[in-house]
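See structure below.
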Amino acid sequence: MSGKPEQHQRAESIAERIIERLDGHIVLGLPLGLGKANLVANALFERAVKDRAIDVEIFTALTLEKPSWSSDMERRFIEPLLERLYAGSPDLAYAKALRDGKLPENVRVSEFFFVAGRWLGAEVAQQNYISANYTHVGRYLIDRGINAIAQLVAKRGDAGDAEYSLSCNADITLDILPKMKARREPFLLVGEVSSQLPFMPGEAVLPAGEFDLILDGPDRDRPLFVVPREPVSLADHAIGIHAASLVKDGGTMQIGIGSLGDALTAGLILRQRRPELFADALHRLSPNGAAKRETGAFETGLYAASEMFVDGFMDLYRAGILKRRASDGAILHSGFFVGGTAFHRFLRDLSEEERALFQMRGISFVNEIYGDAEQKRADRTNARFVNNAMMVTLMGATVSDALADGRVVSGVGGQYNFAAQAFALEGGRSIITLKAIRRSRGRRESRLVWSYGHTTLPRHLRDMVVTEYGVADLRGKSDRDCIAAMLAITDSAFQDELLGMAKSAGKIEKDFTIPPACRHNTPARIADALLPLRKQGWCAPFPFDTEFSEEEQHLVPALRHLKQTIASKRLLAHAVLASLTEGQPDRAEFAALERMQLAAPATLREKLYAKLLLWTLRRCPSAASH
């Protein structure tokens, strides 16, 4: 690192300098998610493609790609979104080559976290995946000989007075920079300036002299990549209400990305604004467990120690819930963020004083209590670290990142870190949330299982598990009691089969019966329990800011439902026959059909599409509740 960074306006010239200074052998770190220096990475990739003497090894995570489609129906929905949301956002060239199986031999890519499900069928990506706790990634990069980091940065000031913020990705960079300095080996820190990236203050700010190369050219104004918020189902909302009732006023929060994270956020806001409605909904959802839960508004408020700064924390801040300050004055410490347009704008538009409440730190600070442990323990009171899972066994082992055949769905990330931290902190709890069922090829399957051929969190870290049917408190319980608690929050269609497995294994008494109060765990009961809230405008599919238009909000859950229907020949045949008797669309339905270019179908195929979509719009619960 030099006293003053080289300034470049073209990514190609920076790529040339990186190649020169590292003698053509580049071991490149690209931050997780939003913080990748896409233009620099693409320029390096193109040079390596043209000159096979250049060797490039990329270590990264959460490679963001624009939505793609696998059917004509999906194309009709996605194509307009690409123009509206992603115009000007550069694709990562290595990702396309990797997906197409066309990476040259002199370019290798390894990730430690995938966008969920996106790389299941990519053999090279699966083979090069690195299984790691988030907090261990930095040391692995150093062990693998990293000699460059190329990162998107925000800029403040000009010329010699310039400062740069790591902004959306302080996570790994802050952890490894001191170690790379101490090693005194060739290493380049490369910044790619974005005028759209919020300048996050505090430890995320680095003086210009920390950088070796800066790209600050005409592309600085290009839009940031956006991740639209997903629709929140009724099952999600039920889980969110249950989980929100486990959060103590004056406590600490970690929230994950996705519909379950948004459902928890919505549940906390309902509790804050209408505590009587929240308590009533909780009682309707869980009449036997509601008395032991938290239902009051937040007076002291919450502090967040969350590896990801999700959109939901913006909503909690606006609702007056995220307001408890840690010892340094921050109300949130986080390692990285990526979100929607409204979220990025929110951070940019904050005053400097207000933005200082949200501090981006190295991931070792957020995900562990080592280092300043005494202060962290004082700050992280009554912590509730909430993470999502794909499956949980009846004895409490969590499956979150991979399948039984070894294929990786996403990654471990910080899930183990926060589970271990919950046990290390006085009053801390690790909460795993998941929907009780999933649909596969038109069939309902239980996500609560007897056993599975892969584990992310072993059963000795079992703590709290939440489904739409309630909360299972497993900490310190015997295997027998864990099984009984998990059966109580299992969908009733699968309770008998799972109970039989437990009895066959001798893990629960032969005469055990599931309590009658837990024998009505059905989607219909959840819908009925949430009906009073829905009538008052709560539990909407999109409870917060969304990138989607009104018609698209109607279409997203309907198209998901239709995709599940099409996966089953039996369900598809039924849907086709039933759709033929549909009448004329109403105004909202016509607008949805128009958005899909199906309002005036011309061909037989388009007419069938229109009928199927209309049939789905009228029967998809999430769409109907919009």
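Order determines the names: the first chain of the structure tokens is A, the second B, and so forth; residues in each chain are numbered 1 upward, and ligands are numbered 1 upward as they are shown.
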Tell me, counting only C-alpha atoms, for each residue of stretch 195-259 of chain A within 12 Å of stretch 282-297 of chain A, which pair of atoms is nearest and how far apart they are in Å to one decimal, in rows ordered by chain and increasing number, as a tab-separated table.
residue	atom	partner	partner_atom	distance
A:Leu234	CA	A:Leu285	CA	11.6
A:Ala235	CA	A:Leu285	CA	10.8
A:His237	CA	A:Leu285	CA	10.8
A:Ala238	CA	A:Leu285	CA	7.3
A:Ile239	CA	A:Leu285	CA	9.7
A:Gly240	CA	A:Leu282	CA	10.3
A:Ile241	CA	A:Leu282	CA	6.7
A:His242	CA	A:Leu282	CA	6.8
A:Ala243	CA	A:Arg293	CA	9.6
A:Ala244	CA	A:Glu294	CA	7.8
A:Ser245	CA	A:Glu294	CA	4.7
A:Leu246	CA	A:Glu294	CA	6.0
A:Val247	CA	A:Glu294	CA	6.7
A:Lys248	CA	A:Glu294	CA	6.5
A:Asp249	CA	A:Ala297	CA	7.8
A:Gly250	CA	A:Ala297	CA	10.9
A:Gly251	CA	A:Glu294	CA	11.8
Once you have the residues from the selection above, write them out as a PDB file, in the first residue's frame, restricted to N, CA and C atoms.
ATOM      1  N   LEU A 234     -48.916 -16.346   4.570  1.00  0.00           N
ATOM      2  CA  LEU A 234     -49.580 -16.403   5.875  1.00  0.00           C
ATOM      3  C   LEU A 234     -48.781 -17.248   6.851  1.00  0.00           C
ATOM      4  N   ALA A 235     -48.190 -18.346   6.369  1.00  0.00           N
ATOM      5  CA  ALA A 235     -47.341 -19.163   7.246  1.00  0.00           C
ATOM      6  C   ALA A 235     -46.148 -18.350   7.735  1.00  0.00           C
ATOM      7  N   HIS A 237     -46.042 -15.092   8.131  1.00  0.00           N
ATOM      8  CA  HIS A 237     -46.538 -14.127   9.118  1.00  0.00           C
ATOM      9  C   HIS A 237     -46.780 -14.786  10.472  1.00  0.00           C
ATOM     10  N   ALA A 238     -47.303 -15.997  10.460  1.00  0.00           N
ATOM     11  CA  ALA A 238     -47.520 -16.705  11.724  1.00  0.00           C
ATOM     12  C   ALA A 238     -46.196 -16.952  12.431  1.00  0.00           C
ATOM     13  N   ILE A 239     -45.185 -17.361  11.675  1.00  0.00           N
ATOM     14  CA  ILE A 239     -43.853 -17.567  12.252  1.00  0.00           C
ATOM     15  C   ILE A 239     -43.311 -16.254  12.802  1.00  0.00           C
ATOM     16  N   GLY A 240     -43.506 -15.171  12.051  1.00  0.00           N
ATOM     17  CA  GLY A 240     -43.032 -13.869  12.497  1.00  0.00           C
ATOM     18  C   GLY A 240     -43.657 -13.432  13.803  1.00  0.00           C
ATOM     19  N   ILE A 241     -44.939 -13.688  13.973  1.00  0.00           N
ATOM     20  CA  ILE A 241     -45.626 -13.323  15.220  1.00  0.00           C
ATOM     21  C   ILE A 241     -45.108 -14.164  16.377  1.00  0.00           C
ATOM     22  N   HIS A 242     -44.966 -15.474  16.144  1.00  0.00           N
ATOM     23  CA  HIS A 242     -44.401 -16.332  17.192  1.00  0.00           C
ATOM     24  C   HIS A 242     -43.009 -15.848  17.599  1.00  0.00           C
ATOM     25  N   ALA A 243     -42.148 -15.613  16.603  1.00  0.00           N
ATOM     26  CA  ALA A 243     -40.774 -15.212  16.900  1.00  0.00           C
ATOM     27  C   ALA A 243     -40.723 -13.852  17.585  1.00  0.00           C
ATOM     28  N   ALA A 244     -41.599 -12.932  17.169  1.00  0.00           N
ATOM     29  CA  ALA A 244     -41.628 -11.598  17.779  1.00  0.00           C
ATOM     30  C   ALA A 244     -42.001 -11.665  19.253  1.00  0.00           C
ATOM     31  N   SER A 245     -42.752 -12.685  19.636  1.00  0.00           N
ATOM     32  CA  SER A 245     -43.161 -12.820  21.041  1.00  0.00           C
ATOM     33  C   SER A 245     -42.042 -13.358  21.921  1.00  0.00           C
ATOM     34  N   LEU A 246     -40.915 -13.737  21.317  1.00  0.00           N
ATOM     35  CA  LEU A 246     -39.768 -14.244  22.070  1.00  0.00           C
ATOM     36  C   LEU A 246     -38.736 -13.152  22.338  1.00  0.00           C
ATOM     37  N   VAL A 247     -38.979 -11.956  21.797  1.00  0.00           N
ATOM     38  CA  VAL A 247     -38.022 -10.856  21.877  1.00  0.00           C
ATOM     39  C   VAL A 247     -38.342  -9.979  23.080  1.00  0.00           C
ATOM     40  N   LYS A 248     -37.354  -9.787  23.939  1.00  0.00           N
ATOM     41  CA  LYS A 248     -37.543  -8.957  25.133  1.00  0.00           C
ATOM     42  C   LYS A 248     -37.225  -7.497  24.837  1.00  0.00           C
ATOM     43  N   ASP A 249     -38.002  -6.601  25.415  1.00  0.00           N
ATOM     44  CA  ASP A 249     -37.690  -5.178  25.331  1.00  0.00           C
ATOM     45  C   ASP A 249     -36.323  -4.946  25.964  1.00  0.00           C
ATOM     46  N   GLY A 250     -35.503  -4.120  25.316  1.00  0.00           N
ATOM     47  CA  GLY A 250     -34.152  -3.889  25.803  1.00  0.00           C
ATOM     48  C   GLY A 250     -33.161  -4.934  25.330  1.00  0.00           C
ATOM     49  N   GLY A 251     -33.589  -5.805  24.420  1.00  0.00           N
ATOM     50  CA  GLY A 251     -32.749  -6.905  23.969  1.00  0.00           C
ATOM     51  C   GLY A 251     -31.935  -6.587  22.723  1.00  0.00           C
TER      52      GLY A 251
END
Show me, as a Markdown table, the residues of stretch 119-184 of chain A having an atom within 7 Å of stretch 19-39 of chain A, each with the closest atom pair and its distance in Å, using only C-alpha atoms.
| residue | atom | partner | partner_atom | distance |
| --- | --- | --- | --- | --- |
| A:Gly145 | CA | A:Val27 | CA | 6.6 |
| A:Ile146 | CA | A:Val27 | CA | 4.8 |
| A:Asn147 | CA | A:Val27 | CA | 5.4 |
| A:Ala148 | CA | A:Leu28 | CA | 4.9 |
| A:Ile149 | CA | A:Gly29 | CA | 4.6 |
| A:Ala150 | CA | A:Ala37 | CA | 5.3 |
| A:Gln151 | CA | A:Ala37 | CA | 4.6 |
| A:Leu152 | CA | A:Ala37 | CA | 4.8 |
| A:Cys168 | CA | A:Gly35 | CA | 6.0 |
| A:Asn169 | CA | A:Gly35 | CA | 5.6 |
Would you export the selected residues with C-alpha atoms as an mmCIF file, in the first residue's frame, please?
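And here is the file that came out, out_27.cif:
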data_model
loop_
_atom_site.group_PDB
_atom_site.id
_atom_site.type_symbol
_atom_site.label_atom_id
_atom_site.label_comp_id
_atom_site.auth_asym_id
_atom_site.auth_seq_id
_atom_site.Cartn_x
_atom_site.Cartn_y
_atom_site.Cartn_z
ATOM 1 C CA GLY A 145 -2.275 -16.537 -0.721
ATOM 2 C CA ILE A 146 -4.671 -13.666 -1.395
ATOM 3 C CA ASN A 147 -2.770 -10.751 -2.915
ATOM 4 C CA ALA A 148 -5.565 -8.392 -3.984
ATOM 5 C CA ILE A 149 -8.995 -7.241 -2.873
ATOM 6 C CA ALA A 150 -11.187 -5.347 -5.339
ATOM 7 C CA GLN A 151 -14.077 -3.654 -3.592
ATOM 8 C CA LEU A 152 -16.889 -1.209 -4.284
ATOM 9 C CA CYS A 168 -21.718 -2.332 2.292
ATOM 10 C CA ASN A 169 -18.823 -4.716 3.007
#
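For the choices A:Asp491, A:Glu163, A:Asp479, A:Asp473, the atom-to-atom distance to A:Arg447 is smallest for A:Asp491 when using only C-alpha atoms.
Here atom CA of A:Asp236 stands at a distance of 27.8 Å from atom CA of A:Gly406.
Taking only C-alpha atoms into account, A:Ser410 lies nearest to A:Gly117 out of the set A:Gly117, A:Gly217, A:Pro231, A:Pro601.
Considering the residues A:Thr433, A:Trp450, A:Leu98, A:Asp463 and counting only C-alpha atoms, A:Gly500 has its shortest atom-to-atom contact with A:Trp450.
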_For the helix (DSSP H, G or I) assignment from backbone DSSP, which residues of stretch 7-134 of chain A qualify? Please present them as an MDAnalysis selection string._
chainID A and resid 11:21 33:35 38:50 72:86 93:99 123:127 134
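Every protein or nucleic acid residue with an atom no more than 10 Å from A:Ala404, counting only C-alpha atoms and leaving out same-chain residues fewer than 6 positions away, appears here: A:Tyr452, A:Gly453, A:His454, A:Thr455.
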*asked:* Set the distance at 9 Å and use only C-alpha atoms: which residues neighbour stretch 605-621 of chain A once local chain neighbours fewer than 6 positions away are removed? I'd like the list as a ChimeraX atom specification.
replied: /A:73,233-234,554-555,557-559,561-562,575-576,578-582,584-585,589-590,592-593,596-599
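Taking atom CA of A:Thr565 and atom CA of A:Gly261 as the two end points, the separation is 26.2 Å.
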*What does the distance between atom CA of A:Ser259 and atom CA of A:Glu230 come to in Å, to one decimal place?*
5.5 Å
Pull the closest atom pair for each residue of stretch 156-221 of chain A that gets at most 12 Å from stretch 361-368 of chain A, along with the distance in Å to one decimal, counting only C-alpha atoms, ordering rows by chain and then ascending residue number, as a Markdown table.
| residue | atom | partner | partner_atom | distance |
| --- | --- | --- | --- | --- |
| A:Ser165 | CA | A:Arg361 | CA | 11.3 |
| A:Leu166 | CA | A:Arg361 | CA | 9.5 |
| A:Ser167 | CA | A:Arg361 | CA | 9.5 |
| A:Cys168 | CA | A:Arg361 | CA | 10.0 |
| A:Asn169 | CA | A:Arg361 | CA | 8.5 |
| A:Ala170 | CA | A:Gly362 | CA | 5.4 |
| A:Asp171 | CA | A:Gly362 | CA | 4.2 |
| A:Ile172 | CA | A:Gly362 | CA | 6.0 |
| A:Thr173 | CA | A:Gly362 | CA | 7.2 |
| A:Leu174 | CA | A:Gly362 | CA | 5.0 |
| A:Asp175 | CA | A:Gly362 | CA | 5.3 |
| A:Ile176 | CA | A:Gly362 | CA | 8.9 |
| A:Leu177 | CA | A:Gly362 | CA | 10.3 |
| A:Pro178 | CA | A:Gly362 | CA | 11.5 |
| A:Met200 | CA | A:Arg361 | CA | 10.2 |
| A:Pro201 | CA | A:Arg361 | CA | 10.1 |
| A:Gly202 | CA | A:Arg361 | CA | 8.4 |
| A:Glu203 | CA | A:Arg361 | CA | 6.4 |
| A:Ala204 | CA | A:Arg361 | CA | 6.4 |
| A:Val205 | CA | A:Arg361 | CA | 10.1 |
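With only C-alpha atoms as the atoms that count, the minimum distance from A:Asn133 to the choices A:Glu307, A:Asp511, A:Asp545, A:Asp528 is reached by A:Glu307.
With only C-alpha atoms as the atoms that count, the minimum distance from A:Arg17 to the choices A:Leu332, A:Val465, A:Leu213, A:Ala493 is reached by A:Leu213.
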Counting only C-alpha atoms, what is within 12 Å of stretch 415-423 of chain A, bar same-chain residues fewer than 6 positions away, as an mmCIF file with C-alpha atoms, in the first residue's frame?
data_model
loop_
_atom_site.group_PDB
_atom_site.id
_atom_site.type_symbol
_atom_site.label_atom_id
_atom_site.label_comp_id
_atom_site.auth_asym_id
_atom_site.auth_seq_id
_atom_site.Cartn_x
_atom_site.Cartn_y
_atom_site.Cartn_z
ATOM 1 C CA PHE A 113 -21.679 -18.863 0.248
ATOM 2 C CA SER A 131 -17.370 -24.763 3.598
ATOM 3 C CA ALA A 132 -16.552 -22.195 6.259
ATOM 4 C CA ASN A 133 -17.858 -20.262 9.191
ATOM 5 C CA TYR A 134 -18.080 -16.610 8.163
ATOM 6 C CA THR A 135 -15.532 -15.685 10.844
ATOM 7 C CA HIS A 136 -12.958 -18.135 9.448
ATOM 8 C CA THR A 252 -30.510 -7.585 20.981
ATOM 9 C CA MET A 253 -31.495 -8.801 17.502
ATOM 10 C CA GLN A 254 -30.030 -10.656 14.536
ATOM 11 C CA ILE A 255 -32.399 -11.045 11.580
ATOM 12 C CA GLY A 256 -31.818 -12.931 8.327
ATOM 13 C CA ALA A 305 -25.786 -7.176 16.239
ATOM 14 C CA SER A 306 -26.502 -8.793 12.890
ATOM 15 C CA GLU A 307 -24.062 -10.065 10.273
ATOM 16 C CA MET A 308 -26.369 -8.668 7.578
ATOM 17 C CA ILE A 363 -17.348 -9.784 10.803
ATOM 18 C CA SER A 364 -15.249 -11.016 13.724
ATOM 19 C CA PHE A 365 -16.654 -8.149 15.806
ATOM 20 C CA VAL A 366 -20.276 -8.888 14.953
ATOM 21 C CA ASN A 367 -20.373 -12.676 14.843
ATOM 22 C CA GLU A 368 -18.194 -13.459 17.862
ATOM 23 C CA ILE A 369 -17.773 -12.229 21.408
ATOM 24 C CA TYR A 370 -13.977 -12.631 21.400
ATOM 25 C CA ALA A 373 -15.818 -9.614 25.294
ATOM 26 C CA LYS A 376 -19.982 -7.078 24.039
ATOM 27 C CA ARG A 377 -21.608 -9.041 26.842
ATOM 28 C CA ARG A 380 -25.728 -7.834 23.785
ATOM 29 C CA THR A 381 -28.275 -8.365 26.521
ATOM 30 C CA ASN A 382 -31.159 -10.813 26.015
ATOM 31 C CA ALA A 383 -29.942 -11.566 22.506
ATOM 32 C CA ARG A 384 -32.264 -13.240 20.029
ATOM 33 C CA PHE A 385 -30.283 -14.494 17.055
ATOM 34 C CA VAL A 386 -32.826 -15.551 14.435
ATOM 35 C CA ASN A 387 -31.780 -17.700 11.474
ATOM 36 C CA ASN A 388 -33.660 -19.700 8.848
ATOM 37 C CA ALA A 389 -33.390 -23.394 8.051
ATOM 38 C CA ALA A 397 -30.290 -30.893 14.406
ATOM 39 C CA THR A 398 -30.589 -28.076 11.866
ATOM 40 C CA VAL A 399 -30.158 -28.433 8.104
ATOM 41 C CA SER A 400 -29.605 -25.065 6.449
ATOM 42 C CA ASP A 401 -26.923 -25.122 3.786
ATOM 43 C CA ARG A 429 -31.172 -17.559 22.566
ATOM 44 C CA SER A 430 -30.658 -19.036 19.124
ATOM 45 C CA ILE A 431 -33.956 -19.163 17.213
ATOM 46 C CA ILE A 432 -34.332 -21.281 14.080
ATOM 47 C CA THR A 455 -26.303 -31.290 9.359
ATOM 48 C CA THR A 456 -25.448 -27.598 9.659
ATOM 49 C CA LEU A 457 -26.002 -27.178 13.413
ATOM 50 C CA PRO A 458 -25.640 -30.368 15.465
ATOM 51 C CA ARG A 459 -28.338 -31.272 17.921
ATOM 52 C CA HIS A 460 -26.213 -30.349 20.933
ATOM 53 C CA LEU A 461 -26.747 -26.711 19.841
ATOM 54 C CA ARG A 462 -30.529 -27.106 19.769
ATOM 55 C CA ASP A 463 -32.287 -24.158 21.310
ATOM 56 C CA MET A 464 -35.551 -22.718 19.958
ATOM 57 C CA ARG A 475 -32.480 -26.047 25.219
ATOM 58 C CA GLY A 476 -31.309 -28.446 27.887
#
*Could you give me the residues within stretch 467-512 of chain A that DSSP places in strand (DSSP E), as a PyMOL selection string?*
chain A and resi 467+470-473
List the neighbours of A:Arg84 out to 12 Å using only C-alpha atoms; skip same-chain residues closer than 6 positions along the sequence, and give me the result as a compact mmCIF listing (two decimals) with N, CA and C atoms, in the first residue's frame.
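Saved the output as out_16.txt:
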# COMPACT_ATOMS: atom_id res chain seq x y z
N LYS A 66 -28.54 -11.16 -12.19
CA LYS A 66 -29.88 -10.71 -12.56
C LYS A 66 -30.80 -11.92 -12.72
N PHE A 77 -42.73 -12.21 -17.23
CA PHE A 77 -42.68 -11.45 -15.99
C PHE A 77 -41.33 -10.76 -15.80
N ILE A 78 -40.24 -11.47 -16.11
CA ILE A 78 -38.91 -11.00 -15.75
C ILE A 78 -38.36 -9.95 -16.72
N PRO A 223 -26.38 2.45 -11.29
CA PRO A 223 -27.21 2.04 -10.15
C PRO A 223 -26.64 0.82 -9.44
N PHE A 225 -26.91 -2.81 -7.57
CA PHE A 225 -27.71 -4.03 -7.74
C PHE A 225 -28.76 -4.06 -6.63
N VAL A 226 -29.98 -4.41 -6.98
CA VAL A 226 -31.06 -4.46 -5.99
C VAL A 226 -31.55 -5.89 -5.82
N THR A 341 -34.01 -0.76 -3.60
CA THR A 341 -33.77 0.65 -3.92
C THR A 341 -34.10 1.56 -2.75
N GLU A 547 -40.06 -3.32 -4.81
CA GLU A 547 -39.71 -2.91 -6.17
C GLU A 547 -40.85 -3.19 -7.14
N PHE A 548 -41.82 -3.99 -6.71
CA PHE A 548 -42.86 -4.46 -7.62
C PHE A 548 -44.04 -3.50 -7.70
N SER A 549 -44.60 -3.38 -8.88
CA SER A 549 -45.82 -2.60 -9.08
C SER A 549 -46.99 -3.33 -8.44
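Proximity to A:Arg324 at 8 Å, evaluated using only C-alpha atoms and with sequence-adjacent residues fewer than 2 positions away removed, yields Gly250, Thr300, Gly301, Leu302, Tyr303, Leu322, Ala326 and Ile331 of chain A.
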Let's have the selection written as a short mmCIF file (atom, residue, chain, number, x, y, z; two decimals), in the first residue's frame, with C-alpha atoms.
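Result went into part-v7.cif, see below:
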data_model
loop_
_atom_site.label_atom_id
_atom_site.label_comp_id
_atom_site.auth_asym_id
_atom_site.auth_seq_id
_atom_site.Cartn_x
_atom_site.Cartn_y
_atom_site.Cartn_z
CA GLY A 250 -34.15 -3.89 25.80
CA THR A 300 -36.27 0.75 25.82
CA GLY A 301 -36.08 -0.64 22.30
CA LEU A 302 -33.71 -3.04 20.59
CA TYR A 303 -30.06 -3.00 19.53
CA LEU A 322 -34.46 -0.16 16.85
CA ALA A 326 -24.57 0.12 22.46
CA ILE A 331 -27.96 1.05 17.46
#
*Nearest to A:Phe298: which of A:Leu448, A:Leu316, A:Ala281, A:Met180 is it, counting only C-alpha atoms?*
A:Leu316
